[in-house]
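Data block below; observations after.
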Amino acid sequence: MDFNRPVSGLVTPRFGGIATFMRLPHVPLEEAKDIDIGIVGIPWDGGTTNRPGPRHAPRQMRDMSAMVRPMHQTTKVRPYDLANVADLGDCPVNPANVEDALKRVETYFKKLVGMGIRPLSGGGDHLCSLPVLRAVGEKAPVGMIHFDAHTDLYDSYFGGFKYTHGTPFRRAIEEGVLDPKRTIQIGLRGSMYDNDDFEYGEKMGVRLVRIEEAMEKGPKAIMAEARKIVGDGPTYVSFDIDMLDPVYAPGTGTPEVGGFTTFQAQQMLRELRGLNIVGADVVEVSPPFDPSGITAHAGVTMMFEILCSMAEDVARRRKA
């Protein structure tokens with residue numbers, strides 16, 4: 001099959017050309033034909049409650065993704081041999097209105113999913129996951145493997161405001177697009193306002209894995225449990241960059257010390273192989289807090305790890 005290929009750094013230097021995710025062709029959604037996986041930027045952070053900036057992530061992530069070569073160094077997976085992947089550009093947003101922005105993102109991703117494309121999005125704050133889940137979970141709720149320092153299961157902020165980057169998965173469970181009993185959250189830590197989010201998650205059946213347990217058991221054991229929880233059903237993967245210790249990812253809105261190393265994160269993401277990943281995101285990269293781009297580099301590296309497993313699943317189901 002004639003799949004899209006990244007521009008080779010051996011032909012055009014990686015510092016040259018127009019920046020796209022992984023140096024792939026830019027294909028607008030309206031022109032996306034026979035695309036298996038669409039990488040999409042969500043330049044929006046209207047749900048941020050403290051340090052803003054993730055709206056700028058897609059541009060910096062595209063730039064830093066030029067560092068990602070086409071073959072995985074450990075698994076030897078070449079995702080672009082297995083699936084047709086393209087940079088679909090940025091979805092529409094509204095920086096002036098939260099509800100309208102959520103509707104625009106939801107409409108875009110429902111069209112994308114309706115075309116048979118699996119979304120892999122980058123950038124934006126974690127509220128961006130909600131409209132994407134509304135798209136991938138429209139017909140039936142999906143499971144989720146969620147890497148984060150925070151549960152994002154709070155009910156509201158600032159006097160009852162329901163839509164912030166601390167509330168997306170509570171809303172997704174309430175709306176029936178996320179199955180809490182097929183959801184696991186890994187790496188939870190940091191000081192808290194109260195215990196409401198943990199109590200809600202436990203009541204609904206979400207598996208909450210605090211950093212202490214994750215470190216004690218190790219990546220393989222935690223991911224073995226994660227795989228058992230989500231099973232063979234449709235699964236969403238959400239990776240908040242603040243699951244990494246801030247020494248590895250300082251450019252994020254809510255950094256929490258005592259997190260994972262980048263290598264530990266890679267070890268866990270490699271255990272996604274064989275799962276039915278219907279969509280994924282890497283969120284909360286905030287370039288204003290890390291002009292060096294090291295956080296964005298970590299983000300697109302994690303995106304590539306996820307992409308490899310998604311591409312393998314696409315190829316496996318194509319043959320079935």
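Following the order of the structure tokens, first chain is A, next is B, and so on, with residues numbered from 1 inside each chain and ligands from 1 in the order they appear.
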What lies within 9 Å of A:Glu271 using only C-alpha atoms, ignoring chain neighbours under 6 positions off, as an NGL selection string? :A and (219-220 or 223-224 or 227 or 309)
Could you write out the selected residues, including all heavy atoms, as a PDB file, in the first residue's frame?
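For reference, result_30.pdb as written:
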ATOM      1  N   PRO A 219       6.905  -0.527  36.212  1.00  0.00           N
ATOM      2  CA  PRO A 219       6.133  -0.322  34.984  1.00  0.00           C
ATOM      3  C   PRO A 219       5.423  -1.565  34.462  1.00  0.00           C
ATOM      4  O   PRO A 219       4.251  -1.506  34.086  1.00  0.00           O
ATOM      5  CB  PRO A 219       7.176   0.193  33.996  1.00  0.00           C
ATOM      6  CG  PRO A 219       8.218   0.843  34.851  1.00  0.00           C
ATOM      7  CD  PRO A 219       8.280   0.000  36.086  1.00  0.00           C
ATOM      8  N   LYS A 220       6.108  -2.685  34.405  1.00  0.00           N
ATOM      9  CA  LYS A 220       5.509  -3.881  33.803  1.00  0.00           C
ATOM     10  C   LYS A 220       4.315  -4.398  34.604  1.00  0.00           C
ATOM     11  O   LYS A 220       3.284  -4.775  34.039  1.00  0.00           O
ATOM     12  CB  LYS A 220       6.558  -4.977  33.627  1.00  0.00           C
ATOM     13  CG  LYS A 220       7.488  -4.750  32.439  1.00  0.00           C
ATOM     14  CD  LYS A 220       8.312  -5.981  32.142  1.00  0.00           C
ATOM     15  CE  LYS A 220       9.152  -5.796  30.874  1.00  0.00           C
ATOM     16  NZ  LYS A 220       8.293  -5.720  29.665  1.00  0.00           N
ATOM     17  N   MET A 223       1.336  -1.983  34.212  1.00  0.00           N
ATOM     18  CA  MET A 223       0.737  -2.067  32.883  1.00  0.00           C
ATOM     19  C   MET A 223       0.066  -3.422  32.643  1.00  0.00           C
ATOM     20  O   MET A 223      -0.886  -3.510  31.861  1.00  0.00           O
ATOM     21  CB  MET A 223       1.784  -1.775  31.819  1.00  0.00           C
ATOM     22  CG  MET A 223       2.205  -0.312  31.781  1.00  0.00           C
ATOM     23  SD  MET A 223       0.805   0.839  31.589  1.00  0.00           S
ATOM     24  CE  MET A 223       0.240   0.408  29.936  1.00  0.00           C
ATOM     25  N   ALA A 224       0.528  -4.463  33.297  1.00  0.00           N
ATOM     26  CA  ALA A 224      -0.163  -5.747  33.194  1.00  0.00           C
ATOM     27  C   ALA A 224      -1.574  -5.621  33.758  1.00  0.00           C
ATOM     28  O   ALA A 224      -2.544  -6.147  33.192  1.00  0.00           O
ATOM     29  CB  ALA A 224       0.621  -6.829  33.936  1.00  0.00           C
ATOM     30  N   ARG A 227      -3.701  -3.484  31.304  1.00  0.00           N
ATOM     31  CA  ARG A 227      -4.142  -4.272  30.154  1.00  0.00           C
ATOM     32  C   ARG A 227      -5.331  -5.162  30.534  1.00  0.00           C
ATOM     33  O   ARG A 227      -6.265  -5.343  29.750  1.00  0.00           O
ATOM     34  CB  ARG A 227      -2.990  -5.129  29.635  1.00  0.00           C
ATOM     35  CG  ARG A 227      -1.826  -4.326  29.050  1.00  0.00           C
ATOM     36  CD  ARG A 227      -0.665  -5.240  28.675  1.00  0.00           C
ATOM     37  NE  ARG A 227      -1.060  -6.130  27.598  1.00  0.00           N
ATOM     38  CZ  ARG A 227      -0.959  -5.839  26.298  1.00  0.00           C
ATOM     39  NH1 ARG A 227      -0.449  -4.666  25.932  1.00  0.00           N
ATOM     40  NH2 ARG A 227      -1.333  -6.689  25.378  1.00  0.00           N
ATOM     41  N   SER A 309       2.036   1.683  18.688  1.00  0.00           N
ATOM     42  CA  SER A 309       1.048   0.681  19.083  1.00  0.00           C
ATOM     43  C   SER A 309      -0.251   0.850  18.302  1.00  0.00           C
ATOM     44  O   SER A 309      -0.894  -0.145  17.923  1.00  0.00           O
ATOM     45  CB  SER A 309       0.769   0.770  20.588  1.00  0.00           C
ATOM     46  OG  SER A 309       1.904   0.374  21.330  1.00  0.00           O
TER      47      SER A 309
END
Which neighbours of A:Pro288 fall inside 8 Å, counting only C-alpha atoms, when residues of the same chain fewer than 2 positions from it are skipped, and could you give them as a PyMOL selection string? chain A and resi 53+56+251+286+290-291
I'd like the contact shell of stretch 240-242 of chain A - 9 Å cut-off, only C-alpha atoms, skipping same-chain residues fewer than 3 positions apart - returned as an mmCIF file with C-alpha atoms, in the first residue's frame.
data_model
loop_
_atom_site.group_PDB
_atom_site.id
_atom_site.type_symbol
_atom_site.label_atom_id
_atom_site.label_comp_id
_atom_site.auth_asym_id
_atom_site.auth_seq_id
_atom_site.Cartn_x
_atom_site.Cartn_y
_atom_site.Cartn_z
ATOM 1 C CA ASP A 125 -5.049 21.511 28.315
ATOM 2 C CA HIS A 126 -6.660 18.321 29.591
ATOM 3 C CA HIS A 146 -4.680 7.658 31.799
ATOM 4 C CA PHE A 147 -1.163 8.778 32.731
ATOM 5 C CA ASP A 148 -1.262 11.841 34.968
ATOM 6 C CA ALA A 149 -0.285 13.379 38.285
ATOM 7 C CA HIS A 150 -3.967 14.289 38.767
ATOM 8 C CA ASP A 245 8.758 14.624 37.058
ATOM 9 C CA PRO A 246 9.234 18.348 36.321
ATOM 10 C CA ALA A 249 9.104 18.246 31.771
ATOM 11 C CA PRO A 250 9.192 21.712 33.363
ATOM 12 C CA GLY A 251 6.933 23.229 30.721
ATOM 13 C CA THR A 252 3.523 22.360 32.103
ATOM 14 C CA GLY A 253 0.797 24.170 33.983
ATOM 15 C CA THR A 254 0.595 22.055 37.133
ATOM 16 C CA PRO A 255 3.988 20.431 37.778
ATOM 17 C CA GLU A 256 4.224 17.918 40.624
ATOM 18 C CA GLY A 259 7.098 11.827 39.156
ATOM 19 C CA ASP A 281 -3.711 12.403 23.244
ATOM 20 C CA VAL A 282 -0.650 14.067 24.772
ATOM 21 C CA VAL A 283 -1.702 17.194 26.644
ATOM 22 C CA GLU A 284 -0.621 20.017 28.959
ATOM 23 C CA VAL A 285 2.681 20.871 27.251
ATOM 24 C CA THR A 295 9.080 19.339 27.441
ATOM 25 C CA ALA A 296 7.648 19.364 23.925
ATOM 26 C CA ALA A 298 9.325 14.589 25.664
ATOM 27 C CA GLY A 299 5.709 15.000 24.598
ATOM 28 C CA MET A 302 5.587 9.800 24.041
#
Could you pull out all residues of stretch 33-279 of chain A with a DSSP call of strand (DSSP E or B) and give them as a PyMOL selection string? chain A and resi 37-41+85-90+118-122+142-147+157+161+178-188+207-210+235-240+244+252+260+277-279
Give me the residues near A:Gly116 as number ranges by chain, where near means some atom within 12 Å (using only C-alpha atoms) and where sequence neighbours in that chain fewer than 4 positions away do not count. A: 29, 32-38, 84, 109-112, 135-136, 278-279, 314
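Straight-line separation from atom CA of A:Met61 to atom CA of A:Leu275: 25.4 Å.
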As a ChimeraX atom specification, which residues of stretch 100-286 of chain A does DSSP assign to alpha helix (DSSP H)? /A:100-114,129-136,168-174,196-204,211-217,219-230,262-269
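The closest residue to A:Gly16, picked from A:Gly143, A:Ala66, A:Arg59, A:Asp100 and counting only C-alpha atoms, is A:Ala66.
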